[in-house]
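Taking it in order: structure first as C-alpha cells, then the write-up.
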Amino acid sequence: MKEVRTRFAPSPTGFMHLGGVRTALYAWLFAKKNGGKFILRIEDTDQKRYVEGAVEVIYETLRECGLNWDEGPYIQSRRRDEYLKYAKELVKKGEAYYCDCDGENCECGGLSLTSGIIRQRVTGEGKTSFNDEIYGVITVENSEIEEQVLIKSDGMPTYNFANVIDDHFMNITHVIRGNEFLSSTPKHVLLYKAFGWEPPVYIHCAQIMRDSSHKLSKRDGDAYFSDFRDKGYLTEAIINYIALLGWSPKGALAEREIFSLEELVEAFDAGGISKSPAIFDRDKLKAINAHYIRSMPPEKFTELAKPYIPKADVDYGVLCAALQQRTEVFSDIPPQTDFIERACDYEIGLYDNKKMKTSPETALQALNAALEILGNGLFSRDALYGGFKETAEKSERKIGWYLYPLQIALTGKSAAPGGGLDICVILGKDESLTRIKQAIKKIIVKQSH
RNA sequence: GGCCCGUUGGUCAAGCGGUCAAGACGUCGGCCUCUCACGCCGGAAACAGGGGUUCAAUUCCCCUACGGGUCACCA
C-alpha cells in the first residue's frame, strides 16, 4: 500500500483564515488517520501579493493548533527553475508553447518568444473527467478549458502549474482543498495527462459562509483564527467547532460533538465531509467553548482567568469557582468582575425585587442585620450562612430577603457572580463591612429626599 | 451569461427505498436556587417546488426555482 501523503498549501497573502485552518485540519487528520504524512508548502509564486510576516503566522497558527507538519515547509519561489524545466519539457513534447499572443488577454505585445510566457496546448475535442471523493465524477468538455498560462513573464509558474508539479514530485496522494478549486481541477488533470502522470485523489470541501450568500471573509473582522483566540476562545474549542463545520462523524459517533484532536483523528473519515456550504455560527462556537471552560480543572481555569480579573485583595479561589460556570469566553469576565475595585454605581430602586419581596426600606433592615451578623462571630461562609439562616427563621422571612440586598450593597449589580454571601467571602470582612455601611448611608440619604 | 456544484427545522447536521425524520446550538416553558448562571425536565420548529421510477420515496432519475463556485501572466 502506498503511503498516504497530504499537504496544506497556503499562499502567504494575509493572516490565517478559519477556512484555511479547517482545510489544514482535514488534511492533517486524513494523513494521521491513515498513518501517513502531512506536508506544508508555501505557494508564494505571486510576488505582488506577498505579505510580510504572513508565513510566520501560518507556522505559528499550525503549531498552536497542534497541526505539525512532517515535511517542509517547501517554498515555491525557491524552486522556480524546476517549474521552468518541466514547462520546457512540455513544449518539447508539443503539449505547450511559447505564447504567440493570439490570446485575447495576452499582454506580451507581440514579443512572442521573448515574452517568456508558456501556455498549455489544449485540443478542443473530447472531455476530461476526474473523480472527487465528495462530489463524485465530474466531467467537462475540453472546449471549455482554456489554454492556460504555465509560466508567467516574470519566469514564475502559475498556481495551476506549480501545484501540479509539486503535488507530483512530493508524492501527494490526496489533495484536500476548498471547492473553489473544483472548476480548475480539470486543468490540473489535463496537465497530469500531458506529463503521463497519475493524478492524486481529490477531496474538495465546501466553503465556510457568513450567511447563505456570502462566504466568511476577511472583511467581516472575525474570519481570522487570531481574532477568536484574542477574544478568549480556546484553541481546542475552535478546532473542535471548525472540525464539525462541514464534517460530521458517522454511525455510533453521530451524536457526539466534543472531540479532542486525538479523538478527531480516530473519528475522522472523508466520507463525512459535506457537499454543501456551512454557515459559521458564533453561538455554537461559544457553546462549545463554554463546554471546554466548564469542564477544565478549576486550577487551570483560575490560571487562564487571572489576566481578565482586576488585581485586588480578594479570595480568588471562591471568585473563580463562581466565574467558571458563568464564563463562555474569557472576555466575559471583565464586565462581571468590575465590582471588585469598587461597588458599581446604582439607583436604590435596584433594591426593589418582587420575588425577594425586597425594597429600599426592607433593604435598610436587612443590611443592618447583615452588619450585625458580619460583625459578630467567625467570618467564614458556613458561619455567615448559619447566622443569616437563624435570623431569617426568627423573623419568618426567606433568606433571600437578607441576602439579595447584601448583594446589591456589595456589588451595585442585580446580577453578580455569586449571591450576597459569596460576594462577602470574595471581598473579605473589612471591605464588605465598609460597603454595607456606605449602602446604608446611601439609602438613608435618598429616602430623606 | 457559459461551465461546474449544491438544497433536511433559524444554524450545524444524522439519514444512504419502508423511521412517530436523530442529536446539538439557538428559542420558548418549567424545576432547582440568596441574584445571574450552571444543571435537570419539557415544548415549538425541517425533507425547496413539480414530474417520473417503484408496492413504497427525504433517499434513485429529469425539469424548475433558489444559492454558491469558476471563467487572470491571483491563488
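Just remember, in the C-alpha cells the first chain shown is A, the second B, etc., residues are 1-based per chain, and ligands are 1-based in the order shown.
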Please give the complete set of residues from region 284-443 of chain A that DSSP, run on the backbone, assigns to alpha helix (DSSP H), formatted as a JSON list (two decimals) with C-alpha atoms, in the first residue's frame.
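Below is the file that was written, part16.json:
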```
[["chain", "number", "residue", "atom", "x", "y", "z"],
["A", 284, "LYS", "CA", -22.45, 27.32, 18.57],
["A", 285, "LEU", "CA", -18.74, 28.10, 18.77],
["A", 286, "LYS", "CA", -19.43, 29.92, 22.02],
["A", 287, "ALA", "CA", -21.37, 26.99, 23.41],
["A", 288, "ILE", "CA", -18.54, 24.60, 22.63],
["A", 289, "ASN", "CA", -16.02, 26.99, 24.11],
["A", 290, "ALA", "CA", -18.19, 27.23, 27.24],
["A", 291, "HIS", "CA", -18.25, 23.47, 27.46],
["A", 292, "TYR", "CA", -14.45, 23.35, 27.43],
["A", 293, "ILE", "CA", -14.21, 26.08, 30.04],
["A", 294, "ARG", "CA", -16.70, 24.46, 32.38],
["A", 298, "PRO", "CA", -10.51, 24.67, 38.50],
["A", 299, "GLU", "CA", -6.79, 25.36, 38.84],
["A", 300, "LYS", "CA", -6.46, 25.67, 35.11],
["A", 301, "PHE", "CA", -9.44, 27.96, 34.88],
["A", 302, "THR", "CA", -8.03, 30.17, 37.61],
["A", 303, "GLU", "CA", -4.75, 30.43, 35.82],
["A", 304, "LEU", "CA", -6.34, 31.34, 32.49],
["A", 305, "ALA", "CA", -8.88, 33.70, 34.04],
["A", 316, "TYR", "CA", -9.59, 34.20, 44.01],
["A", 317, "GLY", "CA", -10.49, 30.61, 44.75],
["A", 318, "VAL", "CA", -14.09, 31.41, 45.58],
["A", 319, "LEU", "CA", -14.33, 34.03, 42.83],
["A", 320, "CYS", "CA", -13.01, 31.75, 40.12],
["A", 321, "ALA", "CA", -15.19, 28.86, 41.21],
["A", 322, "ALA", "CA", -18.18, 31.15, 40.74],
["A", 323, "LEU", "CA", -16.86, 32.55, 37.49],
["A", 324, "GLN", "CA", -16.13, 29.23, 35.85],
["A", 333, "ILE", "CA", -15.00, 38.06, 32.75],
["A", 334, "PRO", "CA", -14.15, 41.79, 32.95],
["A", 335, "PRO", "CA", -17.76, 43.01, 32.89],
["A", 336, "GLN", "CA", -18.58, 40.53, 35.64],
["A", 337, "THR", "CA", -15.74, 41.48, 37.91],
["A", 360, "PRO", "CA", -35.09, 50.05, 49.76],
["A", 361, "GLU", "CA", -36.98, 50.08, 53.08],
["A", 362, "THR", "CA", -36.58, 46.39, 53.75],
["A", 363, "ALA", "CA", -33.01, 46.58, 52.50],
["A", 364, "LEU", "CA", -32.22, 49.00, 55.28],
["A", 365, "GLN", "CA", -33.35, 46.47, 57.85],
["A", 366, "ALA", "CA", -31.62, 43.62, 56.06],
["A", 367, "LEU", "CA", -28.33, 45.48, 55.80],
["A", 368, "ASN", "CA", -28.38, 46.45, 59.44],
["A", 369, "ALA", "CA", -28.90, 42.82, 60.28],
["A", 370, "ALA", "CA", -26.03, 41.91, 57.98],
["A", 371, "LEU", "CA", -23.82, 44.41, 59.75],
["A", 372, "GLU", "CA", -24.51, 42.64, 62.99],
["A", 373, "ILE", "CA", -24.00, 39.15, 61.62],
["A", 374, "LEU", "CA", -20.75, 40.09, 59.93],
["A", 375, "GLY", "CA", -19.55, 41.96, 62.96],
["A", 381, "ARG", "CA", -19.06, 31.01, 54.62],
["A", 382, "ASP", "CA", -20.59, 28.42, 56.89],
["A", 383, "ALA", "CA", -20.69, 30.67, 59.94],
["A", 384, "LEU", "CA", -22.24, 33.52, 57.99],
["A", 385, "TYR", "CA", -24.78, 31.25, 56.38],
["A", 386, "GLY", "CA", -25.74, 29.97, 59.82],
["A", 387, "GLY", "CA", -26.10, 33.50, 61.06],
["A", 388, "PHE", "CA", -28.35, 34.62, 58.22],
["A", 389, "LYS", "CA", -30.40, 31.47, 58.37],
["A", 390, "GLU", "CA", -31.06, 31.85, 62.05],
["A", 391, "THR", "CA", -32.01, 35.48, 61.65],
["A", 392, "ALA", "CA", -34.27, 34.68, 58.74],
["A", 393, "GLU", "CA", -36.05, 31.93, 60.61],
["A", 394, "LYS", "CA", -36.58, 34.08, 63.64],
["A", 400, "GLY", "CA", -33.04, 35.94, 50.16],
["A", 401, "TRP", "CA", -34.76, 38.84, 51.86],
["A", 402, "TYR", "CA", -31.44, 39.44, 53.61],
["A", 403, "LEU", "CA", -29.01, 38.20, 51.03],
["A", 404, "TYR", "CA", -30.31, 39.92, 47.89],
["A", 405, "PRO", "CA", -29.92, 43.43, 49.36],
["A", 406, "LEU", "CA", -26.50, 42.39, 50.56],
["A", 407, "GLN", "CA", -25.51, 41.54, 47.00],
["A", 408, "ILE", "CA", -26.73, 44.92, 45.77],
["A", 409, "ALA", "CA", -24.89, 46.74, 48.52],
["A", 410, "LEU", "CA", -21.67, 44.89, 47.83],
["A", 411, "THR", "CA", -21.68, 44.97, 44.03],
["A", 420, "GLY", "CA", -24.58, 38.13, 48.58],
["A", 421, "LEU", "CA", -22.92, 35.55, 50.75],
["A", 422, "ASP", "CA", -20.42, 34.56, 48.08],
["A", 423, "ILE", "CA", -19.55, 38.15, 47.36],
["A", 424, "CYS", "CA", -18.98, 38.72, 51.07],
["A", 425, "VAL", "CA", -16.49, 35.91, 51.20],
["A", 426, "ILE", "CA", -14.82, 37.08, 48.00],
["A", 427, "LEU", "CA", -14.38, 40.66, 49.18],
["A", 429, "LYS", "CA", -14.76, 41.08, 56.05],
["A", 430, "ASP", "CA", -13.39, 44.62, 56.13],
["A", 431, "GLU", "CA", -14.28, 45.55, 52.58],
["A", 432, "SER", "CA", -17.73, 44.05, 53.00],
["A", 433, "LEU", "CA", -18.45, 45.99, 56.16],
["A", 434, "THR", "CA", -17.31, 49.21, 54.54],
["A", 435, "ARG", "CA", -19.56, 48.70, 51.53],
["A", 436, "ILE", "CA", -22.56, 47.78, 53.65],
["A", 437, "LYS", "CA", -22.18, 50.95, 55.69],
["A", 438, "GLN", "CA", -21.90, 53.03, 52.53],
["A", 439, "ALA", "CA", -25.02, 51.38, 51.16],
["A", 440, "ILE", "CA", -26.99, 52.08, 54.32],
["A", 441, "LYS", "CA", -25.95, 55.72, 54.17],
["A", 442, "LYS", "CA", -26.96, 55.88, 50.52],
["A", 443, "ILE", "CA", -30.45, 54.57, 51.22]]
```
Per-residue nearest contacts chain B to region 242-259 of chain A, cut-off 12 Å, using only C-alpha atoms (C1' of nucleotides), as a Markdown table:
```
| residue | atom | partner | partner_atom | distance |
| --- | --- | --- | --- | --- |
| B:U11 | C1' | A:Leu245 | CA | 10.8 |
| B:C12 | C1' | A:Leu245 | CA | 6.6 |
| B:A13 | C1' | A:Ser248 | CA | 7.4 |
| B:A14 | C1' | A:Ala254 | CA | 6.4 |
| B:G15 | C1' | A:Gly251 | CA | 10.1 |
| B:C16 | C1' | A:Lys250 | CA | 11.4 |
| B:A22 | C1' | A:Glu255 | CA | 8.0 |
| B:G23 | C1' | A:Glu255 | CA | 5.1 |
| B:A24 | C1' | A:Glu257 | CA | 7.6 |
| B:C25 | C1' | A:Glu257 | CA | 11.2 |
```
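Residue list for chain A within 7 Å of chain B: Ser11, Glu144, Val149, Lys152, Ser153, Tyr159, Glu180, Ser183, Ser213, Leu245, Ala254, Glu255, Lys275, Ser276, Asp281, Asp283, Lys284, Gln325, Arg326, Ile399, Gly400, Leu403, Tyr404, Ser414, Ala415, Ala416, Pro417, Gly419 and Gly420 of chain A, counting only C-alpha atoms (C1' of nucleotides).
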>> Residues within 10 Å of Glu341 (chain A), please, as an MDAnalysis selection string. Count only C-alpha atoms (C1' of nucleotides); anything in the same chain fewer than 6 positions from it doesn't count.
In response: chainID A and resid 310:314 411 427
Output file for the residues above (N, CA and C atoms, as a PDB file, in the first residue's frame):
```pdb
ATOM      1  N   PRO A 310      -9.524  42.090  37.751  1.00  0.00           N
ATOM      2  CA  PRO A 310      -8.771  43.187  38.355  1.00  0.00           C
ATOM      3  C   PRO A 310      -7.931  42.657  39.512  1.00  0.00           C
ATOM      4  N   LYS A 311      -6.745  43.187  39.632  1.00  0.00           N
ATOM      5  CA  LYS A 311      -5.904  42.760  40.751  1.00  0.00           C
ATOM      6  C   LYS A 311      -6.392  43.411  42.039  1.00  0.00           C
ATOM      7  N   ALA A 312      -6.675  42.600  43.028  1.00  0.00           N
ATOM      8  CA  ALA A 312      -7.141  43.157  44.300  1.00  0.00           C
ATOM      9  C   ALA A 312      -6.997  42.089  45.363  1.00  0.00           C
ATOM     10  N   ASP A 313      -7.181  42.488  46.604  1.00  0.00           N
ATOM     11  CA  ASP A 313      -7.054  41.563  47.716  1.00  0.00           C
ATOM     12  C   ASP A 313      -8.365  40.818  47.931  1.00  0.00           C
ATOM     13  N   VAL A 314      -8.620  39.853  47.063  1.00  0.00           N
ATOM     14  CA  VAL A 314      -9.867  39.096  47.175  1.00  0.00           C
ATOM     15  C   VAL A 314      -9.580  37.605  47.183  1.00  0.00           C
ATOM     16  N   THR A 411     -22.117  44.902  45.442  1.00  0.00           N
ATOM     17  CA  THR A 411     -21.683  44.971  44.035  1.00  0.00           C
ATOM     18  C   THR A 411     -22.313  46.111  43.248  1.00  0.00           C
ATOM     19  N   LEU A 427     -14.934  39.349  48.859  1.00  0.00           N
ATOM     20  CA  LEU A 427     -14.377  40.664  49.184  1.00  0.00           C
ATOM     21  C   LEU A 427     -13.657  40.693  50.532  1.00  0.00           C
TER      22      LEU A 427
END
```
> Residues of region 183-428 of chain A in strand (DSSP E) according to DSSP, as a PyMOL selection string?
Replying inline: chain A and resi 201-205+208-211+214-215+278-279
> Distance CA of Cys205 (chain A)-CA of Asn163 (chain A), one decimal place?
Replying inline: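 Interatomic distance, CA of Cys205 (chain A) to CA of Asn163 (chain A): 17.6 Å.
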> So which one's closest to C28 (chain B), B:A45, B:C40, B:C63, B:A57? Using only C-alpha atoms (C1' of nucleotides), please.
Replying inline: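 Residue with the minimum atom-to-atom distance to C28 (chain B): B:A45.
Going from CA of Phe30 (chain A) over to CA of Ile279 (chain A), you cover 23.0 Å.
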> Hey, can you check how far CA of Arg41 (chain A) sits from CA of Ile145 (chain A)?
Replying inline: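 It comes out at 26.7 Å.
Nearest to Phe15 (chain A) of all the residues A:Leu350, A:Ala223, A:Ala162, A:Val189 is A:Ala223, counting only C-alpha atoms.
Among the candidates B:U64, B:U27, B:U59, B:U8, the residue lying nearest to A46 (chain B) is B:U8 (atoms considered: only C-alpha atoms (C1' of nucleotides)).
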>> What's around Thr185 (chain A) at 10 Å? Count only C-alpha atoms (C1' of nucleotides), leave out sequence neighbours fewer than 2 positions away in its own chain, and write the answer as a list in words.
In response: Thr128, Ser129, Phe130, Asp132, Ile138, Asn160, Val164, Asn179, Glu180, Phe181, Leu182, Ser183, Lys187, His188, Val189, Leu190, Leu191, Tyr202 and His204 of chain A
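In terms of minimum interatomic distance to Gly36 (chain A), A:Glu71 ranks closest within A:Glu71, A:Glu141, A:Asp338, A:Asp166, counting only C-alpha atoms.
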